[in-house]
>>> print(open('my_file03.cif').read())   # mmCIF, C-alpha atoms
data_structure
loop_
_atom_site.label_atom_id
_atom_site.label_comp_id
_atom_site.auth_asym_id
_atom_site.auth_seq_id
_atom_site.Cartn_x
_atom_site.Cartn_y
_atom_site.Cartn_z
CA MET A 1 47.59 68.77 114.73
CA ASP A 2 49.31 66.53 117.28
CA ILE A 3 48.33 62.87 117.12
CA ILE A 4 49.77 61.80 120.47
CA SER A 5 48.53 62.49 123.98
CA GLU A 6 49.68 65.49 126.00
CA LYS A 7 51.18 63.15 128.60
CA VAL A 8 53.26 61.24 126.06
CA ARG A 9 54.34 64.47 124.37
CA ALA A 10 55.59 65.77 127.73
CA LEU A 11 57.42 62.50 128.34
CA LEU A 12 59.10 62.73 124.95
CA GLU A 13 60.23 66.28 125.67
CA ASN A 14 61.73 65.16 128.98
CA SER A 15 62.89 61.76 127.80
CA SER A 16 65.31 59.66 129.80
CA TRP A 17 68.78 61.19 130.08
CA ILE A 18 70.17 57.66 129.95
CA ARG A 19 68.76 56.98 126.50
CA ARG A 20 69.53 60.50 125.33
CA MET A 21 73.22 60.12 126.13
CA PHE A 22 73.30 56.58 124.74
CA GLU A 23 71.90 57.85 121.43
CA GLU A 24 74.37 60.74 121.42
CA GLY A 25 77.09 58.15 121.85
CA ILE A 26 75.96 56.35 118.71
CA GLU A 27 76.35 59.57 116.72
CA LEU A 28 79.75 60.35 118.24
CA LYS A 29 80.99 56.85 117.40
CA LYS A 30 79.87 57.29 113.80
CA LYS A 31 81.70 60.60 113.58
CA HIS A 32 84.91 59.83 115.48
CA GLY A 33 85.08 56.01 115.52
CA ALA A 34 83.99 53.66 118.28
CA ASP A 35 87.55 53.30 119.55
CA LYS A 36 87.71 57.04 120.27
CA VAL A 37 84.54 57.29 122.39
CA CYS A 38 84.34 56.18 126.04
CA ASP A 39 80.66 55.37 126.59
CA PHE A 40 79.59 55.00 130.22
CA SER A 41 75.96 55.98 129.57
CA LEU A 42 74.00 52.74 129.57
CA GLY A 43 73.99 49.82 132.01
CA ASN A 44 74.07 47.26 129.22
CA PRO A 45 76.03 44.11 130.23
CA ASP A 46 78.73 43.23 127.72
CA LEU A 47 79.90 39.95 129.26
CA PRO A 48 78.91 36.65 127.64
CA PRO A 49 76.29 34.61 129.50
CA PRO A 50 77.48 31.73 131.71
CA PRO A 51 78.12 28.44 129.85
CA GLU A 52 74.91 26.99 131.30
CA VAL A 53 72.88 29.46 129.21
CA VAL A 54 74.53 28.13 126.07
CA GLU A 55 73.80 24.57 127.22
CA GLY A 56 70.16 25.49 127.62
CA LEU A 57 70.01 26.91 124.11
CA LYS A 58 71.63 23.78 122.73
CA GLU A 59 69.03 21.62 124.46
CA LEU A 60 66.24 23.73 123.00
CA SER A 61 67.70 23.42 119.51
CA SER A 62 68.05 19.66 119.85
CA ILE A 63 64.43 18.95 120.76
CA ALA A 64 62.84 20.29 117.59
CA GLY A 65 60.18 17.86 116.46
CA GLN A 66 59.86 16.39 119.95
CA PRO A 67 57.06 17.20 122.42
CA PHE A 68 57.91 20.86 122.91
CA SER A 69 55.89 24.02 122.31
CA PHE A 70 56.27 27.76 122.33
CA GLY A 71 52.57 27.99 123.18
CA TYR A 72 50.77 29.57 126.10
CA MET A 73 51.19 28.39 129.66
CA PRO A 74 49.66 29.63 132.95
CA ASN A 75 50.10 33.40 133.16
CA ALA A 76 52.56 33.13 136.07
CA GLY A 77 54.81 30.70 134.16
CA PHE A 78 55.36 26.96 133.91
CA GLY A 79 54.78 25.08 137.15
CA TRP A 80 58.18 23.38 136.90
CA ALA A 81 59.90 26.76 136.43
CA LEU A 82 58.13 28.22 139.47
CA GLN A 83 59.09 25.18 141.56
CA LYS A 84 62.74 25.51 140.56
CA LEU A 85 62.70 29.24 141.27
CA ALA A 86 61.05 28.63 144.65
CA LEU A 87 63.88 26.30 145.71
CA TYR A 88 66.49 28.86 144.65
CA LEU A 89 64.79 31.82 146.35
CA THR A 90 64.16 29.83 149.53
CA ARG A 91 67.92 29.77 150.00
CA GLU A 92 68.51 33.34 148.85
CA GLN A 93 65.68 34.88 150.88
CA GLU A 94 66.19 32.66 153.94
CA THR A 95 62.52 31.75 154.11
CA GLN A 96 60.45 28.87 152.75
CA LEU A 97 58.82 29.79 149.44
CA GLY A 98 56.47 27.81 147.23
CA GLU A 99 55.29 28.35 143.69
CA ASN A 100 52.17 30.16 144.97
CA ASP A 101 54.42 32.84 146.47
CA LEU A 102 55.87 33.64 143.04
CA ALA A 103 55.09 34.81 139.54
CA LEU A 104 57.45 34.86 136.58
CA CYS A 105 57.28 38.02 134.48
CA CYS A 106 58.76 39.84 131.51
CA GLY A 107 61.78 41.24 133.37
CA ALA A 108 61.90 43.28 136.57
CA ALA A 109 60.28 46.23 134.78
CA GLY A 110 57.33 44.04 133.86
CA ALA A 111 57.21 42.78 137.44
CA MET A 112 57.16 46.33 138.79
CA ASN A 113 54.33 47.37 136.47
CA ILE A 114 52.29 44.28 137.31
CA LEU A 115 52.68 44.91 141.04
CA LEU A 116 51.85 48.62 140.83
CA LYS A 117 48.81 47.92 138.65
CA THR A 118 47.61 45.46 141.29
CA ILE A 119 48.03 47.65 144.39
CA ILE A 120 47.60 51.31 143.33
CA ASN A 121 44.36 53.24 143.55
CA PRO A 122 44.22 56.67 141.85
CA GLY A 123 45.83 59.24 144.13
CA ASP A 124 48.02 56.75 146.00
CA GLU A 125 51.67 57.61 146.57
CA ILE A 126 54.71 55.42 146.15
CA ILE A 127 57.88 56.55 147.91
CA CYS A 128 61.31 55.92 146.41
CA ILE A 129 64.83 56.76 147.53
CA ALA A 130 66.60 59.54 145.59
CA PRO A 131 68.64 59.22 143.51
CA TYR A 132 66.54 56.62 141.73
CA PHE A 133 65.90 54.86 138.43
CA VAL A 134 63.95 57.55 136.59
CA GLU A 135 61.37 55.24 135.00
CA TYR A 136 59.86 54.51 138.44
CA GLY A 137 57.98 57.78 137.92
CA SER A 138 56.36 56.60 134.70
CA TYR A 139 55.59 53.17 136.13
CA VAL A 140 53.70 54.70 139.07
CA ASP A 141 51.97 57.28 136.88
CA ASN A 142 50.75 54.50 134.56
CA TYR A 143 48.21 53.53 137.21
CA GLY A 144 47.16 56.92 138.55
CA GLY A 145 49.66 57.09 141.39
CA ALA A 146 52.29 59.68 142.26
CA LEU A 147 55.99 59.01 142.89
CA LYS A 148 57.38 60.74 145.99
CA PRO A 149 61.19 60.76 146.14
CA VAL A 150 62.92 61.00 149.54
CA LEU A 151 66.59 61.94 149.55
CA SER A 152 69.11 59.42 150.80
CA SER A 153 71.78 60.38 153.32
CA ALA A 154 74.13 62.97 151.86
CA ALA A 155 77.18 61.32 153.34
CA ASP A 156 77.01 57.90 151.68
CA PHE A 157 73.57 57.49 150.01
CA SER A 158 72.34 55.24 152.84
CA LEU A 159 68.71 55.40 153.98
CA ASP A 160 67.56 58.53 155.80
CA LEU A 161 65.09 56.73 158.04
CA SER A 162 63.87 59.87 159.77
CA ALA A 163 63.01 61.52 156.44
CA LEU A 164 61.33 58.33 155.24
CA GLU A 165 59.15 58.09 158.33
CA LYS A 166 58.04 61.71 157.95
CA ALA A 167 57.24 61.17 154.27
CA ILE A 168 54.83 58.25 154.86
CA LYS A 169 51.23 59.50 154.84
CA PRO A 170 47.80 57.81 154.75
CA GLU A 171 47.93 57.83 150.94
CA THR A 172 51.30 56.01 150.88
CA LYS A 173 50.85 52.56 149.34
CA GLY A 174 54.47 51.45 149.21
CA VAL A 175 58.18 52.21 149.42
CA ILE A 176 60.52 51.17 146.59
CA LEU A 177 64.07 50.18 147.46
CA ASN A 178 66.78 49.38 144.93
CA SER A 179 69.76 47.61 146.48
CA PRO A 180 72.47 47.36 145.25
CA ASN A 181 71.46 50.77 144.04
CA ASN A 182 71.36 52.25 140.57
CA PRO A 183 72.93 54.84 140.31
CA THR A 184 74.93 55.07 143.57
CA GLY A 185 76.16 51.50 144.10
CA GLN A 186 75.08 51.63 147.77
CA VAL A 187 73.91 48.43 149.48
CA TYR A 188 71.45 48.89 152.35
CA GLY A 189 72.38 47.07 155.55
CA ARG A 190 70.37 44.64 157.64
CA GLU A 191 70.08 47.03 160.60
CA GLU A 192 68.61 49.92 158.58
CA LEU A 193 66.26 47.56 156.69
CA THR A 194 65.02 46.06 159.96
CA GLU A 195 64.37 49.54 161.31
CA LEU A 196 62.55 50.51 158.11
CA ALA A 197 60.39 47.39 158.37
CA GLY A 198 59.44 48.46 161.90
CA ILE A 199 58.46 51.92 160.66
CA LEU A 200 56.28 50.46 157.89
CA ARG A 201 54.65 48.02 160.30
CA ARG A 202 53.68 50.87 162.62
CA LYS A 203 52.39 52.99 159.74
CA SER A 204 50.37 50.09 158.33
CA ARG A 205 48.63 49.64 161.69
CA GLU A 206 48.09 53.39 162.06
CA TYR A 207 46.53 53.85 158.60
CA GLY A 208 44.61 50.58 158.47
CA HIS A 209 46.15 49.38 155.19
CA PRO A 210 49.45 47.77 154.25
CA VAL A 211 52.37 49.94 153.23
CA PHE A 212 54.32 47.59 150.98
CA LEU A 213 58.11 47.37 150.98
CA ILE A 214 59.04 46.78 147.34
CA SER A 215 62.62 45.66 146.77
CA ASP A 216 63.90 45.98 143.19
CA GLU A 217 66.90 43.60 143.11
CA PRO A 218 68.37 43.06 139.62
CA TYR A 219 71.88 43.71 140.98
CA ARG A 220 71.63 41.49 144.08
CA PHE A 221 74.35 39.18 142.75
CA LEU A 222 76.94 41.93 142.24
CA VAL A 223 78.60 43.14 145.44
CA TYR A 224 82.19 43.85 146.41
CA ASP A 225 84.51 43.62 149.41
CA GLY A 226 82.29 41.12 151.21
CA ALA A 227 79.17 43.32 151.23
CA GLU A 228 75.91 41.52 152.13
CA VAL A 229 72.52 42.04 150.51
CA PRO A 230 70.16 41.04 153.35
CA ALA A 231 67.17 38.81 152.68
CA LEU A 232 64.15 41.11 152.86
CA LEU A 233 61.19 38.72 152.85
CA PRO A 234 61.70 37.47 156.44
CA LEU A 235 61.95 41.05 157.78
CA TYR A 236 58.47 42.33 156.92
CA GLU A 237 55.13 40.69 156.25
CA TYR A 238 54.27 43.08 153.41
CA ALA A 239 57.60 42.74 151.62
CA VAL A 240 57.73 42.07 147.87
CA VAL A 241 60.96 41.25 146.04
CA LEU A 242 61.33 41.87 142.31
CA GLY A 243 64.22 40.35 140.40
CA SER A 244 65.47 39.66 136.93
CA PHE A 245 68.21 37.76 135.13
CA SER A 246 69.22 40.61 132.82
CA LYS A 247 72.43 41.37 134.67
CA ASN A 248 73.57 38.17 136.41
CA LEU A 249 73.04 35.99 133.32
CA SER A 250 73.68 38.79 130.78
CA LEU A 251 70.19 38.36 129.31
CA PRO A 252 68.76 41.91 129.22
CA GLY A 253 67.07 41.32 125.88
CA GLU A 254 65.37 38.08 126.90
CA ARG A 255 63.09 39.80 129.48
CA ILE A 256 62.70 37.21 132.21
CA GLY A 257 62.11 38.20 135.84
CA TYR A 258 59.96 37.43 138.85
CA ILE A 259 57.88 38.68 141.79
CA ALA A 260 58.29 37.01 145.19
CA LEU A 261 55.85 37.65 148.04
CA ALA A 262 56.61 37.31 151.74
CA PRO A 263 55.02 33.92 152.54
CA GLN A 264 53.65 35.26 155.85
CA MET A 265 51.81 38.13 154.11
CA PRO A 266 48.14 38.54 155.18
CA GLY A 267 45.94 38.41 152.09
CA LYS A 268 48.75 36.99 149.99
CA GLU A 269 46.41 34.77 147.94
CA SER A 270 44.39 37.79 146.82
CA LEU A 271 47.49 39.75 145.89
CA ARG A 272 48.93 36.86 143.93
CA SER A 273 45.67 36.40 142.03
CA GLY A 274 45.78 40.10 141.16
CA LEU A 275 49.35 39.80 139.92
CA VAL A 276 48.48 36.89 137.65
CA LEU A 277 45.49 38.78 136.26
CA CYS A 278 47.51 41.96 135.67
CA ASN A 279 50.26 40.00 133.93
CA ARG A 280 47.60 39.08 131.37
CA ILE A 281 45.64 42.31 131.04
CA LEU A 282 48.73 44.51 130.74
CA GLY A 283 49.58 42.54 127.63
CA PHE A 284 52.61 40.64 128.90
CA VAL A 285 50.38 37.50 129.01
CA ASN A 286 53.14 35.21 130.27
CA PRO A 287 56.93 35.13 130.71
CA THR A 288 59.01 34.02 127.75
CA VAL A 289 59.22 30.30 127.07
CA VAL A 290 62.92 30.45 126.14
CA GLY A 291 63.76 32.41 129.26
CA GLN A 292 62.15 29.79 131.48
CA TYR A 293 64.06 26.98 129.80
CA LEU A 294 67.30 28.90 130.19
CA LEU A 295 66.60 29.25 133.92
CA LYS A 296 66.22 25.49 134.09
CA HIS A 297 69.95 25.26 133.32
CA ALA A 298 71.41 28.51 134.61
CA LEU A 299 69.51 29.44 137.78
CA GLY A 300 72.06 30.27 140.46
CA LYS A 301 74.89 30.86 137.98
CA THR A 302 76.42 34.25 137.19
CA VAL A 303 78.73 35.94 134.76
CA ASP A 304 82.37 36.30 135.83
CA LEU A 305 82.15 38.69 138.80
CA GLY A 306 85.92 39.14 138.83
CA VAL A 307 85.68 41.10 135.60
CA TYR A 308 83.34 43.65 137.19
CA ALA A 309 85.56 43.90 140.26
CA ALA A 310 88.57 44.69 138.05
CA ARG A 311 86.60 47.32 136.15
CA ARG A 312 85.43 48.92 139.40
CA LYS A 313 89.04 49.15 140.53
CA ALA A 314 90.08 50.67 137.20
CA MET A 315 87.30 53.28 137.28
CA ALA A 316 88.16 54.23 140.86
CA GLU A 317 91.79 54.69 139.87
CA VAL A 318 90.88 56.85 136.88
CA LEU A 319 88.51 59.07 138.90
CA SER A 320 91.01 59.41 141.75
CA GLU A 321 93.86 60.35 139.43
CA ALA A 322 91.61 62.84 137.63
CA GLY A 323 90.69 64.49 140.95
CA TYR A 324 87.01 63.58 141.36
CA LYS A 325 85.11 63.12 144.62
CA PHE A 326 83.08 59.91 144.74
CA PHE A 327 81.53 57.22 146.92
CA MET A 328 83.11 53.81 146.30
CA PRO A 329 80.22 51.60 145.10
CA ARG A 330 79.54 48.54 147.24
CA GLY A 331 77.51 46.85 144.51
CA ALA A 332 76.14 47.07 140.94
CA PHE A 333 78.25 48.54 138.12
CA TYR A 334 77.87 52.29 138.56
CA PHE A 335 79.80 55.21 140.03
CA PHE A 336 77.97 58.41 141.03
CA PRO A 337 80.65 61.11 141.48
CA GLN A 338 80.15 64.78 142.25
CA ALA A 339 80.01 66.99 139.15
CA PRO A 340 82.87 69.53 139.10
CA GLY A 341 81.40 73.02 139.30
CA GLY A 342 78.09 71.68 140.61
CA ASP A 343 76.11 71.91 137.35
CA ASP A 344 75.73 68.27 136.33
CA THR A 345 74.10 68.83 132.93
CA LYS A 346 76.71 71.44 131.93
CA PHE A 347 79.49 69.15 133.10
CA VAL A 348 78.14 66.11 131.23
CA ARG A 349 77.99 68.21 128.05
CA ARG A 350 81.60 69.26 128.59
CA LEU A 351 82.56 65.64 129.20
CA ALA A 352 80.85 64.63 125.95
CA SER A 353 83.01 67.15 124.09
CA GLU A 354 85.93 65.05 125.34
CA LEU A 355 84.19 61.96 123.86
CA VAL A 356 83.40 60.64 127.35
CA LEU A 357 79.71 59.87 127.89
CA ALA A 358 77.98 59.98 131.27
CA VAL A 359 74.47 60.71 132.55
CA PRO A 360 73.68 63.77 134.71
CA GLY A 361 72.41 63.15 138.21
CA SER A 362 69.36 65.28 137.37
CA GLY A 363 68.17 62.27 135.38
CA PHE A 364 68.08 60.30 138.63
CA GLY A 365 66.48 62.97 140.81
CA LEU A 366 69.72 64.30 142.34
CA PRO A 367 71.45 67.21 140.58
CA GLY A 368 75.11 67.90 141.23
CA PHE A 369 76.28 64.36 140.46
CA PHE A 370 76.71 62.22 137.35
CA ARG A 371 76.48 58.49 136.68
CA LEU A 372 79.07 56.26 135.04
CA ALA A 373 78.23 52.68 134.02
CA PHE A 374 81.44 50.66 134.10
CA CYS A 375 80.10 47.59 132.30
CA VAL A 376 82.56 48.24 129.47
CA GLN A 377 86.02 46.97 128.61
CA GLU A 378 88.75 47.92 131.08
CA GLU A 379 90.79 49.41 128.24
CA GLU A 380 87.95 51.85 127.53
CA ILE A 381 87.83 52.88 131.18
CA ARG A 382 91.55 53.57 131.33
CA ARG A 383 91.76 55.56 128.08
CA SER A 384 89.07 57.92 129.42
CA LEU A 385 91.52 59.46 131.92
CA PRO A 386 92.72 62.41 129.77
CA GLY A 387 89.12 63.34 128.93
CA PHE A 388 88.10 63.27 132.59
CA LYS A 389 91.07 65.47 133.50
CA ARG A 390 90.35 68.06 130.81
CA ALA A 391 86.61 68.20 131.59
CA ARG A 392 87.23 68.73 135.32
CA ALA A 393 89.79 71.44 134.67
CA ALA A 394 87.36 73.26 132.37
CA CYS A 395 84.46 73.23 134.85
CA GLU A 396 86.09 74.00 138.19
#
>>> encode(input="my_file03.cif", output="structure tokens")
Amino acid sequence: MDIISEKVRALLENSSWIRRMFEEGIELKKKHGADKVCDFSLGNPDLPPPPEVVEGLKELSSIAGQPFSFGYMPNAGFGWALQKLALYLTREQETQLGENDLALCCGAAGAMNILLKTIINPGDEIICIAPYFVEYGSYVDNYGGALKPVLSSAADFSLDLSALEKAIKPETKGVILNSPNNPTGQVYGREELTELAGILRRKSREYGHPVFLISDEPYRFLVYDGAEVPALLPLYEYAVVLGSFSKNLSLPGERIGYIALAPQMPGKESLRSGLVLCNRILGFVNPTVVGQYLLKHALGKTVDLGVYAARRKAMAEVLSEAGYKFFMPRGAFYFFPQAPGGDDTKFVRRLASELVLAVPGSGFGLPGFFRLAFCVQEEEIRRSLPGFKRARAACE
């Protein structure tokens, strides 16, 4: 007799390829030694947080016994934290934001769930760009919606605006963008985002309800070669930006993120009230106290971006020397090369036999490719070269 739901049982059987490969890596490291395995499976930042994070922790430790509490606060976060975030995002998003345009949340994943809970009616569709972060499907399904992937441009993973426009139907409630993108590293440009905003504006008028543009931006800080991540909130009145500090401050375990609403959004007050309510009833209740105090010190700071740039260069050199075809990522810390032989799951298994761990593109909605997370030591990247060469030779 099974004691879990059919839906959860199906999810377990088709569990995330990312976690599956990460867990396989743990076993391989036990068997062969951690220094023998090259693990590019999980986007888990390994850099230390900026010094300002440490300063914030020191301040917290020094005020024990003083007027300080880990107790509840308003569900959207402390007022002072929202004010500080509003000043920061006003500059980043190139539009004036106040604390009533924002809510602090338990990471970007919490922010996404809170937003989807607030806007989805059963049967609504949410469009995303393939390849995509696989858990978007579960997030949308949590609230009775359906995820509808639309393929990006085959040439460089940019937006296929024609395909997007055709995919938007009366039941479409929103479009999720992720830029810089996980897994491709593409950064969407201002011109294509402006055109997309125009499409959504026309569709919103045609269908008599807003089609939200939801921008998932945990990698906004991490771009290369002068690439620009355009400010989205000024481009479209139904734009929503989700962010976190997991990557730029190396705080993935602290779970602190935010939702920012376009200040010109019609009905914004109602949406924000819904977000605050859903933060509570989904069980998040409020963002972490420690995370908010760390932002007080570290907002606007980042880890050493030069380290990621050097690792990107190293990974590109390894893949080029090993004979792989790939798009040079413009942001984030992922490569998404073509799988030799075309069968991505077979190739990733072969790669694992060489003690090199990757994630098949099937896990991101685009077979025929595989993802590499280069947030590891440069030495580990470079010693993967022989394994990449042998795996390619075996599969072509």
>>> closest_atom_pairs(input="my_file03.cif", of="stretch 266-356 of chain A", to="stretch 82-89 of chain A", cutoff="8 Å", atoms="all atoms listed in the file", output="CSV")
residue,atom,partner,partner_atom,distance
A:Lys296,CA,A:Lys84,CA,7.3
A:Leu299,CA,A:Tyr88,CA,7.5
A:Gly300,CA,A:Tyr88,CA,7.1
>>> closest_residue(input="my_file03.cif", among="A:Leu102, A:Ala109, A:Leu161, A:Leu57", to="A:Phe284", atoms="all atoms listed in the file")
A:Ala109
>>> resolve_selection(input="my_file03.cif", expression="the PyMOL selection byres ((chain A and resi 285) around 12)", output="VMD selection string")
chain A and resid 71 to 77 103 to 106 110 114 275 to 284 286 to 289
>>> closest_residue(input="my_file03.cif", among="A:Met112, A:Val348, A:Ala309, A:Ile126", to="A:Ala332", atoms="only C-alpha atoms")
A:Ala309
>>> atom_distance(input="my_file03.cif", atom1="atom CA of A:Ile176", atom2="atom CA of A:Arg202")
17.4 Å
>>> atom_distance(input="my_file03.cif", atom1="atom CA of A:Pro266", atom2="atom CA of A:Pro170")
19.3 Å
